[in-house]
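> Mind looking over this structure? Questions follow.
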Amino acid sequence: MNNLILFLITAIFIDWLIGDPKQFLHPVEVIGWVINFTRILIEKYSRGNILFLKIGGLLLTFNIVIISGLTGWIIEQLSLSESNIISTISSLVLLLLISSSIAARSLASSCLDVIHPIENNYSYLDIQNSRKMLSNIVGRDTSNLKKQEILRAVAETASENAVDGIFAPLFWIFIGIMFWKVSLYLPGPLSFVLTFKASSTIDSMIGYKEGSLRWIGYTGAKLDDLMTWIPSRLVLITLPLVSRSWNLAPEIIKKAWKEGSKDESPNSGLSEAIFANCLKIRMGGENIYRGTKKYKPELGKNHPEANTRSIKKIILSIVKLQIFWLLLIVIINLST
């Protein structure tokens, strides 16, 4: 079991070292292709019938989540094979897939790519480049955003995606490790993390409250909320412990809970709120999604607006919290 912890440490190191090389096929891309193909079929054969759209969405979510988890379990079992060749190859695949499920390097690089062109003096072309980079990582319309709006968007998406892309996967990997302590025939870390990534991808692709997606994506969105519920609250509790304001943790957590709970999302509001209040950055306000204005609760009301320095502080805090979580996983593993 201690080898499994070493496996996790290696996976995190690989993620920070190389991230997700664009020349290699990412598992999420494969999941995305299947989701898109299935969605088109559901829309074609349901012919706008709400009941059929709901049932189609339920089947889509169930099948993709089960297939993803089962794929992880098969790779896990092959890694335990008595055949050295099969075991070695499967263990390598297992390592790479776990590494690819933790998007720390990818999140940091994406955020820095957005702010770099406008970090100091910038031209119209620079801000256009920032808008284009930003459109790759956020759902809001970016074509007319000004510099300050771009910076706020980066701060918000870094705070939200820290849970979705890093700490929720780490949590489910840990759950898989605990399952393997009971029996190696049970689903393990890869099974659980691929199940989470499947639900997260479904939510990000079709979890919108518009058109037919309101019904097709309903089950996937709810499942993602459920699977992110505990990790987001663990981030709420633990982030103050690695920030300079750890002695004020109870007060900060209480304030972040009050502000974040006003968001319609049961999870993203809390993750943004704790980063806003721990790192003293004002977030929230008016955004435009697909031409429609949407107002998000104001977070960290009395703090300064986001700037390039505060965004880098968010990234550094994510690294610190990732190390802290890893230490907790090691301690719990050794004590059970």
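Labels for the structure tokens follow display order: chains A, B, ..., residues from 1 in each chain, ligands from 1.
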Pick out the residues sitting within 12 Å of region 181-183 of chain A, and hand them over as a ChimeraX atom specification; count only C-alpha atoms, and ignore anything fewer than 4 positions along from it in its own chain.
/A:1-2,4-5,77,174-177,187-189,332-336
> Can you tell me, as a ChimeraX atom specification, what residues are no more than 8 Å from Ile127 (chain A) when counting only C-alpha atoms, ignoring any on the same chain fewer than 2 positions away?
/A:117-118,122-125,129-131,146-147
> Create the file for the chosen residues now, containing all heavy atoms and written as a CSV table (one decimal), in the first residue's frame.

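result-v9.csv was written with the following content:
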chain,number,residue,atom,x,y,z
A,117,PRO,N,0.1,38.4,-21.6
A,117,PRO,CA,0.2,39.5,-22.6
A,117,PRO,C,-0.2,40.8,-22.0
A,117,PRO,O,0.2,41.9,-22.6
A,117,PRO,CB,-0.9,39.0,-23.7
A,117,PRO,CG,-1.0,37.6,-23.5
A,117,PRO,CD,-0.8,37.3,-22.0
A,118,ILE,N,-1.0,40.9,-20.9
A,118,ILE,CA,-1.4,42.2,-20.4
A,118,ILE,C,-0.8,42.4,-19.0
A,118,ILE,O,-1.3,43.3,-18.3
A,118,ILE,CB,-3.0,42.2,-20.2
A,118,ILE,CG1,-3.5,41.0,-19.4
A,118,ILE,CG2,-3.6,42.2,-21.6
A,118,ILE,CD1,-5.0,41.1,-19.1
A,122,TYR,N,0.5,47.0,-22.5
A,122,TYR,CA,-0.1,46.1,-23.5
A,122,TYR,C,-0.8,46.9,-24.6
A,122,TYR,O,-1.1,48.1,-24.4
A,122,TYR,CB,-1.1,45.2,-22.8
A,122,TYR,CG,-2.3,45.9,-22.2
A,122,TYR,CD1,-3.5,46.1,-22.9
A,122,TYR,CD2,-2.2,46.4,-20.9
A,122,TYR,CE1,-4.5,46.7,-22.3
A,122,TYR,CE2,-3.2,47.1,-20.3
A,122,TYR,CZ,-4.4,47.2,-21.0
A,122,TYR,OH,-5.5,47.9,-20.4
A,123,SER,N,-0.9,46.2,-25.8
A,123,SER,CA,-1.6,46.9,-26.9
A,123,SER,C,-2.9,46.2,-27.2
A,123,SER,O,-3.3,45.3,-26.4
A,123,SER,CB,-0.7,46.7,-28.2
A,123,SER,OG,-0.6,45.3,-28.5
A,124,TYR,N,-3.6,46.7,-28.2
A,124,TYR,CA,-4.9,46.1,-28.5
A,124,TYR,C,-4.8,44.7,-28.9
A,124,TYR,O,-5.6,43.8,-28.5
A,124,TYR,CB,-5.5,46.9,-29.7
A,124,TYR,CG,-6.8,46.3,-30.2
A,124,TYR,CD1,-8.0,46.5,-29.5
A,124,TYR,CD2,-6.8,45.6,-31.4
A,124,TYR,CE1,-9.2,45.9,-29.9
A,124,TYR,CE2,-8.0,45.0,-31.8
A,124,TYR,CZ,-9.2,45.2,-31.1
A,124,TYR,OH,-10.4,44.6,-31.6
A,125,LEU,N,-3.7,44.3,-29.6
A,125,LEU,CA,-3.4,43.0,-30.0
A,125,LEU,C,-3.2,42.1,-28.8
A,125,LEU,O,-3.6,40.9,-28.7
A,125,LEU,CB,-2.2,42.9,-30.9
A,125,LEU,CG,-1.8,41.5,-31.5
A,125,LEU,CD1,-3.0,40.9,-32.3
A,125,LEU,CD2,-0.6,41.6,-32.4
A,129,ASN,N,-5.3,38.8,-27.6
A,129,ASN,CA,-4.7,37.5,-27.3
A,129,ASN,C,-5.2,37.0,-26.0
A,129,ASN,O,-5.5,35.8,-25.8
A,129,ASN,CB,-3.2,37.6,-27.4
A,129,ASN,CG,-2.6,37.7,-28.8
A,129,ASN,OD1,-3.3,37.3,-29.7
A,129,ASN,ND2,-1.5,38.3,-28.9
A,130,SER,N,-5.2,37.8,-25.0
A,130,SER,CA,-5.7,37.4,-23.7
A,130,SER,C,-7.2,37.0,-23.7
A,130,SER,O,-7.5,36.0,-23.1
A,130,SER,CB,-5.6,38.6,-22.7
A,130,SER,OG,-4.2,38.8,-22.4
A,131,ARG,N,-8.0,37.7,-24.4
A,131,ARG,CA,-9.4,37.3,-24.6
A,131,ARG,C,-9.5,35.9,-25.2
A,131,ARG,O,-10.3,35.1,-24.8
A,131,ARG,CB,-10.2,38.3,-25.4
A,131,ARG,CG,-10.4,39.7,-24.7
A,131,ARG,CD,-10.9,40.7,-25.7
A,131,ARG,NE,-11.1,42.0,-25.1
A,131,ARG,CZ,-11.3,43.1,-25.8
A,131,ARG,NH1,-11.2,43.1,-27.2
A,131,ARG,NH2,-11.6,44.2,-25.2
A,146,LYS,N,-12.8,43.9,-20.8
A,146,LYS,CA,-11.6,44.8,-20.6
A,146,LYS,C,-10.6,44.1,-19.7
A,146,LYS,O,-10.9,43.0,-19.2
A,146,LYS,CB,-12.1,46.1,-19.9
A,146,LYS,CG,-13.1,46.9,-20.8
A,146,LYS,CD,-13.6,48.1,-20.1
A,146,LYS,CE,-14.6,48.9,-21.0
A,146,LYS,NZ,-15.2,50.1,-20.3
A,147,LYS,N,-9.5,44.8,-19.5
A,147,LYS,CA,-8.4,44.2,-18.8
A,147,LYS,C,-8.8,43.7,-17.4
A,147,LYS,O,-8.6,42.6,-17.0
A,147,LYS,CB,-7.2,45.1,-18.6
A,147,LYS,CG,-6.1,44.6,-17.8
A,147,LYS,CD,-4.9,45.5,-17.6
A,147,LYS,CE,-3.8,44.9,-16.7
A,147,LYS,NZ,-2.7,45.9,-16.6
> Check region 121-195 of chain A with DSSP on the backbone and list each residue it calls helix (DSSP H, G or I), as a VMD selection string.
chain A and resid 124 to 135 147 to 182 189 to 195
> Write a file of the selected residues as a compact mmCIF listing (two decimals), in the first residue's frame, keeping C-alpha atoms.

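Just written: selection-v8.txt:
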# COMPACT_ATOMS: atom_id res chain seq x y z
CA TYR A 124 -4.92 46.12 -28.52
CA LEU A 125 -3.42 42.96 -30.01
CA ASP A 126 -2.23 41.85 -26.55
CA ILE A 127 -5.67 42.18 -25.01
CA GLN A 128 -7.16 40.32 -27.99
CA ASN A 129 -4.72 37.48 -27.33
CA SER A 130 -5.71 37.43 -23.66
CA ARG A 131 -9.40 37.30 -24.57
CA LYS A 132 -8.74 34.40 -26.94
CA MET A 133 -6.73 32.48 -24.33
CA LEU A 134 -9.40 33.15 -21.73
CA SER A 135 -12.16 31.79 -23.98
CA LYS A 147 -8.37 44.17 -18.75
CA GLN A 148 -9.89 44.21 -15.26
CA GLU A 149 -12.74 41.93 -16.33
CA ILE A 150 -10.21 39.49 -17.81
CA LEU A 151 -8.22 39.44 -14.56
CA ARG A 152 -11.37 38.84 -12.52
CA ALA A 153 -12.38 36.00 -14.84
CA VAL A 154 -8.98 34.35 -14.43
CA ALA A 155 -9.10 34.65 -10.63
CA GLU A 156 -12.59 33.15 -10.55
CA THR A 157 -11.89 30.26 -12.90
CA ALA A 158 -8.63 29.40 -11.09
CA SER A 159 -10.49 29.33 -7.76
CA GLU A 160 -13.37 27.25 -9.11
CA ASN A 161 -11.32 24.83 -11.21
CA ALA A 162 -8.90 24.20 -8.35
CA VAL A 163 -11.64 21.98 -6.94
CA ASP A 164 -12.87 20.49 -10.22
CA GLY A 165 -9.43 19.90 -11.71
CA ILE A 166 -7.22 19.14 -8.72
CA PHE A 167 -8.78 18.57 -5.32
CA ALA A 168 -11.86 16.59 -6.31
CA PRO A 169 -9.69 14.15 -8.33
CA LEU A 170 -7.29 13.89 -5.37
CA PHE A 171 -10.21 13.17 -3.04
CA TRP A 172 -11.56 10.36 -5.24
CA ILE A 173 -8.08 8.90 -5.73
CA PHE A 174 -7.82 8.80 -1.94
CA ILE A 175 -11.20 7.03 -1.70
CA GLY A 176 -9.92 4.46 -4.19
CA ILE A 177 -6.79 3.93 -2.09
CA MET A 178 -9.00 3.30 0.95
CA PHE A 179 -11.10 0.79 -1.02
CA TRP A 180 -7.95 -1.07 -2.03
CA LYS A 181 -7.02 -1.34 1.64
CA VAL A 182 -10.14 -3.47 2.03
CA PRO A 189 -7.96 5.00 -7.37
CA LEU A 190 -8.15 4.97 -11.17
CA SER A 191 -11.72 3.61 -11.19
CA PHE A 192 -12.92 6.37 -8.89
CA VAL A 193 -11.06 9.23 -10.53
CA LEU A 194 -12.20 8.24 -14.05
CA THR A 195 -15.77 8.04 -12.74
